>>> print(open('start-v2.cif').read())   # mmCIF, C-alpha atoms (C1' of nucleotides)
data_structure
#
loop_
_atom_site.label_atom_id
_atom_site.label_comp_id
_atom_site.auth_asym_id
_atom_site.auth_seq_id
_atom_site.Cartn_x
_atom_site.Cartn_y
_atom_site.Cartn_z
CA MET A 118 31.25 2.31 13.79
CA LYS A 119 33.49 5.19 14.73
CA LEU A 120 34.06 7.88 12.17
CA ALA A 121 37.85 7.69 12.50
CA ASN A 122 37.87 3.97 11.73
CA TYR A 123 35.62 4.44 8.80
CA LEU A 124 37.75 7.19 7.31
CA GLU A 125 41.04 5.39 7.64
CA ASN A 126 39.60 2.24 6.15
CA THR A 127 38.59 4.18 3.07
CA VAL A 128 41.70 6.29 2.45
CA PRO A 129 45.05 5.88 4.29
CA PHE A 130 45.25 9.27 5.96
CA PRO A 131 48.39 10.20 7.87
CA THR A 132 47.43 10.34 11.55
CA GLY A 133 47.87 14.10 11.72
CA GLU A 134 45.42 14.67 8.89
CA LEU A 135 42.93 12.27 10.36
CA MET A 136 42.96 14.00 13.74
CA ASP A 137 42.54 17.39 12.15
CA ILE A 138 39.69 16.19 9.96
CA ILE A 139 37.83 14.56 12.82
CA SER A 140 38.14 17.75 14.85
CA TYR A 141 35.86 19.50 12.36
CA PHE A 142 32.98 17.12 13.08
CA GLU A 143 30.60 17.38 16.00
CA ARG A 144 29.35 14.29 17.74
CA GLU A 145 25.90 14.11 19.29
CA ALA A 146 23.25 11.68 20.43
CA VAL A 147 19.81 12.13 18.92
CA GLN A 148 16.54 10.46 19.67
CA LYS A 149 14.20 8.43 17.58
CA ASN A 150 11.84 10.45 15.38
CA LYS A 151 14.16 13.44 15.27
CA MET A 152 13.84 15.27 11.97
CA LEU A 153 17.26 16.41 10.77
CA VAL A 154 15.99 18.22 7.69
CA ARG A 155 12.55 19.08 6.36
CA GLU A 156 11.45 19.50 2.79
CA GLY A 157 12.17 23.04 1.62
CA GLN A 158 15.04 23.63 4.04
CA VAL A 159 18.60 23.69 2.85
CA CYS A 160 20.41 20.71 4.29
CA THR A 161 23.31 22.38 6.08
CA LYS A 162 25.12 19.30 7.33
CA LEU A 163 26.53 16.01 6.26
CA TYR A 164 26.00 13.35 8.91
CA PHE A 165 27.77 10.14 9.74
CA LEU A 166 25.90 7.49 11.70
CA GLU A 167 27.96 5.85 14.38
CA LYS A 168 24.86 4.06 15.60
CA GLY A 169 21.19 3.97 14.68
CA VAL A 170 19.05 4.07 11.55
CA GLY A 171 17.70 6.94 9.50
CA ARG A 172 15.89 7.45 6.27
CA SER A 173 15.20 10.07 3.66
CA TYR A 174 11.68 10.40 2.32
CA TYR A 175 9.48 12.74 0.38
CA LEU A 176 5.77 13.47 0.34
CA LYS A 177 3.65 12.59 -2.63
CA GLU A 178 0.36 14.28 -3.30
CA ALA A 179 -2.17 13.15 -0.72
CA GLY A 180 0.61 13.42 1.82
CA LYS A 181 1.90 9.90 1.33
CA GLU A 182 5.43 9.36 2.50
CA VAL A 183 7.81 7.67 0.10
CA THR A 184 11.04 6.40 1.58
CA GLN A 185 13.92 7.18 -0.69
CA TRP A 186 16.82 5.61 1.18
CA PHE A 187 17.79 4.04 4.47
CA PHE A 188 21.00 4.89 6.30
CA VAL A 189 22.52 2.60 8.90
CA GLU A 190 25.51 2.79 11.24
CA GLY A 191 28.80 3.22 9.44
CA GLN A 192 27.32 5.33 6.65
CA PHE A 193 27.08 8.96 5.72
CA MET A 194 23.61 10.45 5.60
CA SER A 195 22.42 13.65 3.99
CA SER A 196 20.02 15.16 1.53
CA ILE A 197 22.79 15.00 -1.00
CA GLU A 198 21.66 17.37 -3.68
CA SER A 199 20.57 19.96 -1.15
CA PHE A 200 23.80 19.70 0.80
CA PHE A 201 26.08 19.93 -2.22
CA GLN A 202 24.15 22.44 -4.30
CA GLN A 203 22.82 24.35 -1.27
CA ASN A 204 19.31 24.39 -2.61
CA PRO A 205 16.08 23.50 -0.80
CA SER A 206 15.79 19.84 0.00
CA LEU A 207 13.16 17.74 -1.74
CA TYR A 208 13.46 15.26 1.10
CA TYR A 209 12.98 14.90 4.80
CA LEU A 210 15.79 13.29 6.78
CA GLU A 211 14.51 11.42 9.77
CA ILE A 212 16.14 9.38 12.53
CA LEU A 213 14.21 6.16 13.12
CA GLU A 214 16.14 4.72 16.07
CA ASP A 215 18.05 6.46 18.83
CA ALA A 216 21.34 7.33 17.21
CA VAL A 217 24.80 8.73 17.66
CA LEU A 218 25.96 10.88 14.82
CA TYR A 219 28.74 13.12 13.66
CA SER A 220 28.02 16.15 11.56
CA ILE A 221 29.97 18.69 9.55
CA THR A 222 28.87 21.83 7.74
CA ARG A 223 29.40 22.48 4.08
CA GLU A 224 31.93 25.28 4.75
CA LYS A 225 34.07 23.10 6.98
CA LEU A 226 33.89 20.22 4.55
CA ASP A 227 34.92 22.45 1.66
CA LEU A 228 37.80 23.67 3.73
CA LEU A 229 38.92 20.09 4.30
CA PHE A 230 38.50 19.22 0.63
CA ALA A 231 40.72 22.17 -0.26
CA ARG A 232 43.27 21.48 2.44
CA TYR A 233 43.73 17.75 1.94
CA HIS A 234 44.00 16.02 -1.36
CA ASN A 235 43.23 12.81 0.54
CA MET A 236 39.97 14.27 1.70
CA GLU A 237 38.97 15.13 -1.82
CA LYS A 238 39.71 11.54 -2.72
CA LEU A 239 37.55 10.30 0.12
CA GLY A 240 34.73 12.45 -1.19
CA ARG A 241 35.17 11.02 -4.65
CA LEU A 242 35.22 7.43 -3.41
CA LEU A 243 32.13 7.89 -1.26
CA SER A 244 30.22 9.48 -4.11
CA THR A 245 31.17 6.69 -6.46
CA GLU A 246 30.20 4.05 -3.95
CA MET A 247 26.85 5.64 -3.27
CA LEU A 248 26.31 5.97 -6.99
CA THR A 249 26.76 2.26 -7.55
CA ARG A 250 24.38 1.46 -4.72
CA VAL A 251 21.69 3.72 -6.12
CA VAL A 252 22.19 2.22 -9.55
CA ASN A 253 21.67 -1.22 -8.04
CA LYS A 254 18.43 -0.14 -6.49
CA LEU A 255 17.34 1.38 -9.74
CA SER A 256 17.94 -1.89 -11.57
CA ALA A 257 15.87 -3.70 -9.00
CA ILE A 258 13.01 -1.22 -9.08
CA GLN A 259 12.95 -0.76 -12.80
CA PHE A 260 12.14 -4.25 -13.96
CA GLN A 261 11.60 -6.63 -11.13
CA THR A 262 8.45 -7.96 -9.54
CA ALA A 263 7.46 -6.94 -6.04
CA ARG A 264 8.87 -10.20 -4.67
CA GLU A 265 12.23 -9.73 -6.42
CA ARG A 266 12.50 -6.18 -5.17
CA HIS A 267 11.99 -7.48 -1.67
CA ASP A 268 14.87 -9.92 -2.17
CA TYR A 269 17.08 -7.11 -3.45
CA MET A 270 16.36 -5.17 -0.28
CA LEU A 271 17.51 -8.03 1.91
CA THR A 272 20.93 -7.84 0.28
CA GLU A 273 21.24 -4.07 0.60
CA PHE A 274 19.80 -3.77 4.12
CA PRO A 275 19.77 -7.27 5.65
CA ASP A 276 18.37 -6.42 9.06
CA ILE A 277 16.24 -3.41 8.21
CA ALA A 278 13.04 -5.44 8.37
CA ASN A 279 13.29 -5.75 12.15
CA ARG A 280 14.22 -2.16 12.70
CA VAL A 281 11.78 0.00 10.80
CA ALA A 282 8.07 0.10 10.05
CA LEU A 283 6.62 -2.01 7.27
CA GLY A 284 5.18 1.00 5.52
CA HIS A 285 8.58 2.68 5.34
CA ILE A 286 10.08 -0.35 3.66
CA ALA A 287 7.14 -0.83 1.31
CA SER A 288 7.40 2.67 -0.07
CA TYR A 289 11.18 2.30 -0.36
CA LEU A 290 10.50 -0.69 -2.59
CA GLY A 291 7.87 1.03 -4.64
CA MET A 292 4.91 -1.01 -3.46
CA THR A 293 2.08 -0.69 -0.97
CA GLN A 294 2.38 -2.00 2.52
CA GLU A 295 -0.43 -4.45 1.85
CA THR A 296 1.59 -5.99 -0.94
CA LEU A 297 4.70 -6.19 1.21
CA SER A 298 2.72 -7.78 4.00
CA ARG A 299 1.44 -10.45 1.62
CA ILE A 300 4.93 -11.11 0.31
CA ARG A 301 6.24 -11.60 3.81
CA ARG A 302 3.47 -14.03 4.56
CA GLY A 303 4.74 -15.92 1.55
CA ASP A 304 1.58 -15.86 -0.50
CA PRO A 305 1.86 -18.24 -3.38
CA PRO A 306 1.68 -16.29 -6.63
CA LYS A 307 -2.04 -16.25 -7.28
CA LYS A 308 -3.36 -18.90 -9.68
CA SER A 309 -6.52 -18.02 -11.60
CA MET B 51 31.31 19.65 -26.81
CA LYS B 52 35.08 19.54 -26.57
CA LEU B 53 36.61 17.81 -23.60
CA ALA B 54 38.82 20.79 -22.74
CA ASN B 55 35.85 23.15 -22.55
CA TYR B 56 33.91 20.76 -20.45
CA LEU B 57 36.75 20.29 -17.97
CA GLU B 58 37.49 23.95 -17.50
CA ASN B 59 33.83 24.76 -17.02
CA THR B 60 33.67 22.29 -14.17
CA VAL B 61 36.88 23.09 -12.30
CA PRO B 62 39.16 26.09 -13.00
CA PHE B 63 42.30 24.26 -14.02
CA PRO B 64 45.47 26.25 -14.69
CA THR B 65 46.18 25.98 -18.42
CA GLY B 66 49.26 23.85 -17.89
CA GLU B 67 47.33 21.26 -15.94
CA LEU B 68 44.55 21.22 -18.45
CA MET B 69 46.92 20.59 -21.33
CA ASP B 70 48.66 17.82 -19.47
CA ILE B 71 45.38 16.18 -18.52
CA ILE B 72 43.98 16.30 -22.03
CA SER B 73 47.15 14.71 -23.36
CA TYR B 74 46.29 11.52 -21.48
CA PHE B 75 43.08 11.07 -23.41
CA GLU B 76 42.77 9.55 -26.86
CA ARG B 77 40.31 10.91 -29.35
CA GLU B 78 38.60 8.70 -31.91
CA ALA B 79 35.59 8.51 -34.16
CA VAL B 80 33.40 5.46 -33.76
CA GLN B 81 30.46 4.26 -35.75
CA LYS B 82 26.89 3.57 -34.85
CA ASN B 83 26.27 0.18 -33.23
CA LYS B 84 29.83 -0.08 -31.93
CA MET B 85 29.94 -1.99 -28.67
CA LEU B 86 32.44 -0.40 -26.31
CA VAL B 87 32.04 -2.98 -23.55
CA ARG B 88 30.21 -6.27 -23.25
CA GLU B 89 28.72 -7.89 -20.20
CA GLY B 90 31.36 -9.85 -18.35
CA GLN B 91 34.28 -7.78 -19.61
CA VAL B 92 36.08 -5.36 -17.36
CA CYS B 93 35.42 -1.86 -18.61
CA THR B 94 38.94 -0.54 -19.09
CA LYS B 95 38.15 2.98 -20.15
CA LEU B 96 36.25 6.05 -19.22
CA TYR B 97 34.80 7.79 -22.26
CA PHE B 98 33.74 11.34 -22.95
CA LEU B 99 31.31 11.99 -25.77
CA GLU B 100 32.19 14.97 -27.88
CA LYS B 101 29.41 14.04 -30.27
CA GLY B 102 26.87 11.24 -30.58
CA VAL B 103 24.67 9.17 -28.31
CA GLY B 104 25.31 5.99 -26.37
CA ARG B 105 23.56 3.84 -23.84
CA SER B 106 24.27 1.23 -21.22
CA TYR B 107 21.97 -1.76 -21.03
CA TYR B 108 21.77 -5.22 -19.56
CA LEU B 109 20.08 -8.43 -20.59
CA LYS B 110 17.21 -9.82 -18.63
CA GLU B 111 16.23 -13.46 -18.77
CA ALA B 112 14.77 -14.23 -22.16
CA GLY B 113 17.43 -11.99 -23.62
CA LYS B 114 15.45 -8.81 -23.27
CA GLU B 115 17.55 -5.66 -23.32
CA VAL B 116 16.94 -3.14 -20.58
CA THR B 117 18.43 0.30 -21.15
CA GLN B 118 19.99 1.60 -17.99
CA TRP B 119 21.17 5.02 -19.06
CA PHE B 120 21.65 7.24 -22.07
CA PHE B 121 24.76 9.31 -22.65
CA VAL B 122 24.79 12.31 -24.94
CA GLU B 123 27.46 14.73 -26.16
CA GLY B 124 29.18 16.60 -23.38
CA GLN B 125 28.96 13.73 -20.91
CA PHE B 126 31.20 11.02 -19.58
CA MET B 127 30.19 7.46 -20.34
CA SER B 128 31.32 4.24 -18.72
CA SER B 129 30.22 1.12 -16.95
CA ILE B 130 30.95 2.91 -13.74
CA GLU B 131 31.17 0.13 -11.23
CA SER B 132 33.24 -2.02 -13.56
CA PHE B 133 35.59 0.81 -14.41
CA PHE B 134 36.17 1.91 -10.83
CA GLN B 135 36.19 -1.46 -9.12
CA GLN B 136 37.76 -3.27 -12.07
CA ASN B 137 35.29 -6.09 -11.95
CA PRO B 138 33.26 -7.60 -14.78
CA SER B 139 30.66 -5.30 -16.16
CA LEU B 140 26.99 -6.09 -15.68
CA TYR B 141 26.23 -3.85 -18.61
CA TYR B 142 26.87 -3.42 -22.28
CA LEU B 143 28.01 0.00 -23.49
CA GLU B 144 26.80 0.72 -26.99
CA ILE B 145 27.14 3.66 -29.34
CA LEU B 146 23.82 4.45 -30.99
CA GLU B 147 24.83 7.24 -33.36
CA ASP B 148 28.14 7.89 -35.09
CA ALA B 149 30.23 9.50 -32.40
CA VAL B 150 33.47 11.20 -31.52
CA LEU B 151 34.83 10.25 -28.18
CA TYR B 152 37.78 10.65 -25.89
CA SER B 153 38.93 7.81 -23.69
CA ILE B 154 41.30 7.29 -20.83
CA THR B 155 42.39 4.15 -19.00
CA ARG B 156 42.03 3.59 -15.31
CA GLU B 157 45.80 3.72 -14.73
CA LYS B 158 46.18 7.04 -16.44
CA LEU B 159 43.19 8.47 -14.68
CA ASP B 160 44.52 7.34 -11.30
CA LEU B 161 47.80 8.97 -12.14
CA LEU B 162 45.99 12.23 -12.87
CA PHE B 163 43.94 11.96 -9.69
CA ALA B 164 47.14 11.54 -7.72
CA ARG B 165 49.03 14.26 -9.55
CA TYR B 166 46.37 16.99 -9.48
CA HIS B 167 44.19 17.85 -6.54
CA ASN B 168 41.98 19.67 -9.07
CA MET B 169 41.49 16.46 -10.98
CA GLU B 170 40.42 14.64 -7.86
CA LYS B 171 37.94 17.42 -7.31
CA LEU B 172 36.62 17.05 -10.82
CA GLY B 173 36.10 13.35 -10.16
CA ARG B 174 34.21 14.12 -7.00
CA LEU B 175 32.00 16.71 -8.66
CA LEU B 176 31.18 14.45 -11.58
CA SER B 177 30.29 11.57 -9.29
CA THR B 178 28.08 13.76 -7.19
CA GLU B 179 26.34 15.16 -10.22
CA MET B 180 25.73 11.73 -11.69
CA LEU B 181 24.46 10.56 -8.33
CA THR B 182 21.82 13.27 -8.21
CA ARG B 183 20.73 12.46 -11.74
CA VAL B 184 20.34 8.79 -10.95
CA VAL B 185 18.43 9.64 -7.80
CA ASN B 186 16.07 11.76 -9.88
CA LYS B 187 15.41 8.89 -12.21
CA LEU B 188 14.85 6.60 -9.30
CA SER B 189 12.22 8.93 -7.86
CA ALA B 190 10.49 9.00 -11.21
CA ILE B 191 10.56 5.24 -11.71
CA GLN B 192 9.66 4.35 -8.17
CA PHE B 193 6.27 5.94 -7.86
CA GLN B 194 5.11 7.50 -11.03
CA THR B 195 2.75 6.32 -13.70
CA ALA B 196 4.04 5.41 -17.15
CA ARG B 197 2.94 8.79 -18.46
CA GLU B 198 4.71 10.71 -15.71
CA ARG B 199 7.90 8.74 -16.25
CA HIS B 200 7.74 9.72 -19.88
CA ASP B 201 7.51 13.37 -18.85
CA TYR B 202 10.48 12.96 -16.53
CA MET B 203 12.50 11.61 -19.44
CA LEU B 204 11.79 14.66 -21.56
CA THR B 205 13.45 16.81 -18.92
CA GLU B 206 16.50 14.59 -18.55
CA PHE B 207 16.98 13.84 -22.27
CA PRO B 208 14.90 16.35 -24.21
CA ASP B 209 15.76 15.25 -27.73
CA ILE B 210 16.43 11.57 -27.17
CA ALA B 211 13.08 10.58 -28.65
CA ASN B 212 14.20 11.51 -32.14
CA ARG B 213 17.58 9.90 -31.85
CA VAL B 214 17.12 6.39 -30.51
CA ALA B 215 14.73 3.48 -30.98
CA LEU B 216 11.43 3.42 -29.14
CA GLY B 217 12.22 0.12 -27.49
CA HIS B 218 15.43 1.50 -25.99
CA ILE B 219 13.56 4.35 -24.41
CA ALA B 220 10.70 2.19 -23.22
CA SER B 221 12.97 -0.15 -21.30
CA TYR B 222 14.87 2.83 -19.90
CA LEU B 223 11.55 4.00 -18.48
CA GLY B 224 10.56 0.63 -17.11
CA MET B 225 7.70 -0.03 -19.48
CA THR B 226 7.06 -1.98 -22.67
CA GLN B 227 7.38 -0.38 -26.03
CA GLU B 228 3.70 -0.94 -26.68
CA THR B 229 2.87 1.16 -23.65
CA LEU B 230 5.27 3.91 -24.68
CA SER B 231 3.80 3.91 -28.17
CA ARG B 232 0.31 4.36 -26.74
CA ILE B 233 1.49 7.19 -24.51
CA ARG B 234 3.01 8.98 -27.46
CA ARG B 235 -0.18 8.63 -29.39
CA GLY B 236 -1.78 10.37 -26.44
CA ASP B 237 -4.27 7.68 -25.53
CA PRO B 238 -6.80 8.95 -23.06
CA PRO B 239 -6.49 6.99 -19.81
CA LYS B 240 -8.88 4.10 -20.41
CA LYS B 241 -12.37 4.47 -18.93
CA SER B 242 -14.42 1.43 -17.89
"C1'" DC C 286 -2.72 -3.29 33.57
"C1'" DC C 287 -6.06 -1.09 30.66
"C1'" DA C 288 -7.28 2.27 27.23
"C1'" DA C 289 -5.95 4.51 23.32
"C1'" DT C 290 -3.11 4.83 19.47
"C1'" DT C 291 -0.58 3.05 15.79
"C1'" DA C 292 0.92 -0.65 12.80
"C1'" DT C 293 -0.06 -4.84 10.33
"C1'" DT C 294 -2.87 -8.19 8.12
"C1'" DT C 295 -6.73 -9.75 5.47
"C1'" DG C 296 -10.44 -9.71 1.98
"C1'" DA C 297 -13.06 -8.05 -2.04
"C1'" DC C 298 -12.63 -5.73 -5.97
"C1'" DA C 299 -10.54 -2.43 -9.68
"C1'" DT C 300 -7.12 -1.10 -13.07
"C1'" DA C 301 -2.66 0.21 -15.19
"C1'" DG C 302 0.11 -1.77 -17.77
"C1'" DG C 303 1.79 -6.33 -19.41
"C1'" DT C 304 1.64 -10.18 -23.06
"C1'" DC C 305 0.89 -12.06 -27.46
"C1'" DA C 306 -0.14 -11.71 -32.20
"C1'" DA C 307 -0.77 -9.37 -36.26
"C1'" DA C 308 -0.77 -5.27 -39.25
"C1'" DA C 309 1.33 -1.12 -40.89
"C1'" DG C 310 5.22 1.71 -41.66
"C1'" DA C 311 10.35 2.73 -42.28
"C1'" DA C 312 14.80 1.66 -43.43
"C1'" DA C 313 18.34 -1.01 -45.35
"C1'" DT C 314 20.05 -3.96 -49.11
"C1'" DC C 315 20.41 -5.55 -53.60
"C1'" DG D 195 12.48 0.69 -56.81
"C1'" DA D 196 11.44 -3.93 -55.25
"C1'" DT D 197 12.45 -7.14 -51.54
"C1'" DT D 198 13.75 -8.05 -47.14
"C1'" DT D 199 14.33 -6.80 -42.51
"C1'" DC D 200 13.57 -4.03 -38.66
"C1'" DT D 201 10.60 -0.83 -36.01
"C1'" DT D 202 6.34 0.93 -34.49
"C1'" DT D 203 1.47 0.70 -33.89
"C1'" DT D 204 -2.83 -1.48 -32.87
"C1'" DG D 205 -6.12 -4.74 -30.79
"C1'" DA D 206 -7.75 -8.30 -27.55
"C1'" DC D 207 -7.11 -10.12 -23.44
"C1'" DC D 208 -4.73 -11.06 -18.80
"C1'" DT D 209 -2.47 -10.44 -14.33
"C1'" DA D 210 0.22 -8.34 -10.71
"C1'" DT D 211 -0.45 -5.05 -7.81
"C1'" DG D 212 -3.20 -1.14 -6.28
"C1'" DT D 213 -7.34 0.69 -3.58
"C1'" DC D 214 -10.56 0.75 0.02
"C1'" DA D 215 -12.41 -0.97 4.16
"C1'" DA D 216 -12.44 -3.60 8.09
"C1'" DA D 217 -10.34 -6.77 11.45
"C1'" DT D 218 -6.38 -8.00 14.27
"C1'" DA D 219 -2.19 -7.23 16.60
"C1'" DA D 220 1.33 -4.55 18.71
"C1'" DT D 221 2.92 -0.51 21.10
"C1'" DT D 222 2.56 3.42 24.05
"C1'" DG D 223 1.02 6.27 27.75
"C1'" DG D 224 -1.67 7.11 31.89
#
>>> encode(input="start-v2.cif", output="structure tokens")
Amino acid sequence: MKLANYLENTVPFPTGELMDIISYFEREAVQKNKMLVREGQVCTKLYFLEKGVGRSYYLKEAGKEVTQWFFVEGQFMSSIESFFQQNPSLYYLEILEDAVLYSITREKLDLLFARYHNMEKLGRLLSTEMLTRVVNKLSAIQFQTARERHDYMLTEFPDIANRVALGHIASYLGMTQETLSRIRRGDPPKKS
Amino acid sequence: MKLANYLENTVPFPTGELMDIISYFEREAVQKNKMLVREGQVCTKLYFLEKGVGRSYYLKEAGKEVTQWFFVEGQFMSSIESFFQQNPSLYYLEILEDAVLYSITREKLDLLFARYHNMEKLGRLLSTEMLTRVVNKLSAIQFQTARERHDYMLTEFPDIANRVALGHIASYLGMTQETLSRIRRGDPPKKS
DNA sequence: CCAATTATTTGACATAGGTCAAAAGAAATC
DNA sequence: GATTTCTTTTGACCTATGTCAAATAATTGG
């Protein structure tokens, strides 16, 4: 999805504002496996995915990757806390499929927030939306069985299963890839 | 903490704006065990806790309560998705200690968002902050042991342990109260 | 196309944390 | 301050899911 369409569907910007806002973003194609941000770096940009899939993840002891979130076309992507507080990112941001993305720096975004009340509103709405999505995931993770968490994921990211590696999804769901593999096979819940 | 202090510490409102904004809130004292919102009701107000503790929780099958979040003095409290999307709340909002709180309706808040760019900014900043806090909890819940989750909680809500029931905290942390009780006792991780 | 990686599945076994039931301790009510 | 009710602790046992290791299967590169 194009950035302009996305923006105007969220807040009714006058055309002049919309054009000006878009002009502050850069559009680029990036390839699979590109790392946008590494742990410890400050995340300098907010991205919008026109096409492709990405994820954020962190490393546990023993170097195990834990997927924190997936981002698909039509969504903003960033290491949020790092981007907004300008402190070192706890997460890696990785592109998992060839993608087209728009990006904007923190300075330019702040300028737009200050210039356009509408833009500030967009920021508020996006934050609130993301917040409710994270809360949903939390509810799923906090008290559901591995199988129920898998079902939750299908509602949040319906086609992700065919697009990214099993292990990435398993860690996103808080389980091992062996467990996810068995769930997909449809193992009957073990009796005695 | 007073609402006015909180607001001006977050965004530098001109005094006139601040006064006007505050005037849209109502202040009231409420007693322990008061239910602000029940599941299925639309949450009509956003609250700010000057004093006291509250929580949001939902009911699992078998009527078990699962605490979703705690709110302490100096924080806003609401069933966020319900309040912002005006749909039925999935959660109960309950006051756990005698409290003093300010409240504002959605209509009045929208009016303030529209009237003051600064207010819109405040909304954005609060959403973003809450988002990072929820993400932190998610990271803790997703891949940490019961003991580590308990440690996480002490950083997010240092004094909550003395203020609310064990069972409320246990479900907040995604564990049973028996497990939390054993952690507090300092059980050595079981050998053999 | 074949070799070499890389990802997924399977099996055997281990364990953190759950469940259920009862006892002990606090708090509220009369 | 005794009785009732609610909360926390403890113990015995169970199970979902993790760990480790090996076998397939799929993908990638020469």
>>> calpha_fit_rmsd(input="start-v2.cif", fixed="chain A", moving="chain B")
0.0 Å
>>> interface_residues(input="start-v2.cif", of="chain B", to="chain A", cutoff="6 Å", atoms="only C-alpha atoms", output="PyMOL selection string")
chain B and resi 167+174+177-178+181+188+192+224
>>> resolve_selection(input="start-v2.cif", expression="the PyMOL selection byres ((chain C) within 10 of (chain A))", output="number ranges by chain")
C: 292-295
>>> write_last_selection(input="start-v2.cif", atoms="C-alpha atoms (C1' of nucleotides)", output="compact mmCIF listing (two decimals), keeping the file's coordinate frame")
# COMPACT_ATOMS: atom_id res chain seq x y z
C1' DA C 292 0.92 -0.65 12.80
C1' DT C 293 -0.06 -4.84 10.33
C1' DT C 294 -2.87 -8.19 8.12
C1' DT C 295 -6.73 -9.75 5.47
>>> resolve_selection(input="start-v2.cif", expression="the PyMOL selection byres ((chain A and resi 121) around 12)", output="PyMOL selection string")
chain A and resi 118-120+122-142+144+165-167+191+219
>>> residues_near_point(input="start-v2.cif", point="(13.6, 18.8, 2.3)", cutoff="8 Å", atoms="all atoms listed in the file", output="ChimeraX atom specification")
/A:154-160,175,196,199,205-210
>>> resolve_selection(input="start-v2.cif", expression="the PyMOL selection byres ((chain D) within 10 of (chain B))", output="list of chain:residue names")
D:DT201, D:DT202, D:DT203, D:DT204
>>> residues_near_point(input="start-v2.cif", point="(-1.6, -2.8, 32.9)", cutoff="12 Å", atoms="all atoms listed in the file", output="ChimeraX atom specification")
/C:286-288 /D:222-224
>>> residues_around(input="start-v2.cif", residues="A:Arg280", least_positions_apart="3", cutoff="8 Å", atoms="all atoms listed in the file", output="PDB file with C-alpha atoms, in the coordinates of the input")
ATOM      1  CA  VAL A 170      19.050   4.070  11.550  1.00  0.00           C
ATOM      2  CA  GLU A 214      16.140   4.720  16.070  1.00  0.00           C
ATOM      3  CA  ASP A 276      18.370  -6.420   9.060  1.00  0.00           C
ATOM      4  CA  ILE A 277      16.240  -3.410   8.210  1.00  0.00           C
TER       5      ILE A 277
END
>>> atom_distance(input="start-v2.cif", atom1="atom CA of A:Gly180", atom2="atom CA of B:Phe207")
29.1 Å
>>> atom_distance(input="start-v2.cif", atom1="atom CA of A:Lys149", atom2="atom CA of A:Gly171")
8.9 Å
>>> atom_distance(input="start-v2.cif", atom1="atom CA of A:Gly303", atom2="atom CA of B:Ala112")
25.8 Å
>>> axis_aligned_box(input="start-v2.cif", around="stretch 287-292 of chain C", padding_each_side="3 Å", output="AutoDock Vina command-line options")
--center_x -3.2 --center_y 1.9 --center_z 21.7 --size_x 14.2 --size_y 11.9 --size_z 23.9
>>> residues_around(input="start-v2.cif", residues="C:DC298", least_positions_apart="3", cutoff="12 Å", atoms="all atoms listed in the file", output="MDAnalysis selection string")
chainID D and resid 212:215
>>> decode(input="start-v2.cif", residues="stretch 157-183 of chain B", atoms="C-alpha atoms", output="short mmCIF file (atom, residue, chain, number, x, y, z; two decimals), in the first residue's frame")
data_model
loop_
_atom_site.label_atom_id
_atom_site.label_comp_id
_atom_site.auth_asym_id
_atom_site.auth_seq_id
_atom_site.Cartn_x
_atom_site.Cartn_y
_atom_site.Cartn_z
CA GLU B 157 -16.38 14.02 23.71
CA LYS B 158 -14.65 16.52 25.91
CA LEU B 159 -11.28 14.99 25.28
CA ASP B 160 -11.84 15.09 21.51
CA LEU B 161 -12.80 18.71 21.84
CA LEU B 162 -9.53 19.41 23.65
CA PHE B 163 -7.54 17.43 21.09
CA ALA B 164 -9.09 19.52 18.35
CA ARG B 165 -8.73 22.81 20.17
CA TYR B 166 -5.12 22.47 21.33
CA HIS B 167 -2.28 21.13 19.26
CA ASN B 168 -0.42 20.73 22.57
CA MET B 169 -3.14 18.46 23.84
CA GLU B 170 -2.90 16.27 20.78
CA LYS B 171 0.80 16.06 21.44
CA LEU B 172 0.18 15.04 25.01
CA GLY B 173 -2.08 12.27 23.75
CA ARG B 174 0.59 11.08 21.39
CA LEU B 175 3.30 11.10 24.03
CA LEU B 176 1.17 9.24 26.54
CA SER B 177 0.24 6.59 24.00
CA THR B 178 3.83 6.11 23.01
CA GLU B 179 4.94 5.85 26.59
CA MET B 180 2.26 3.32 27.43
CA LEU B 181 3.18 1.38 24.32
CA THR B 182 6.79 1.03 25.41
CA ARG B 183 5.70 -0.09 28.86
#
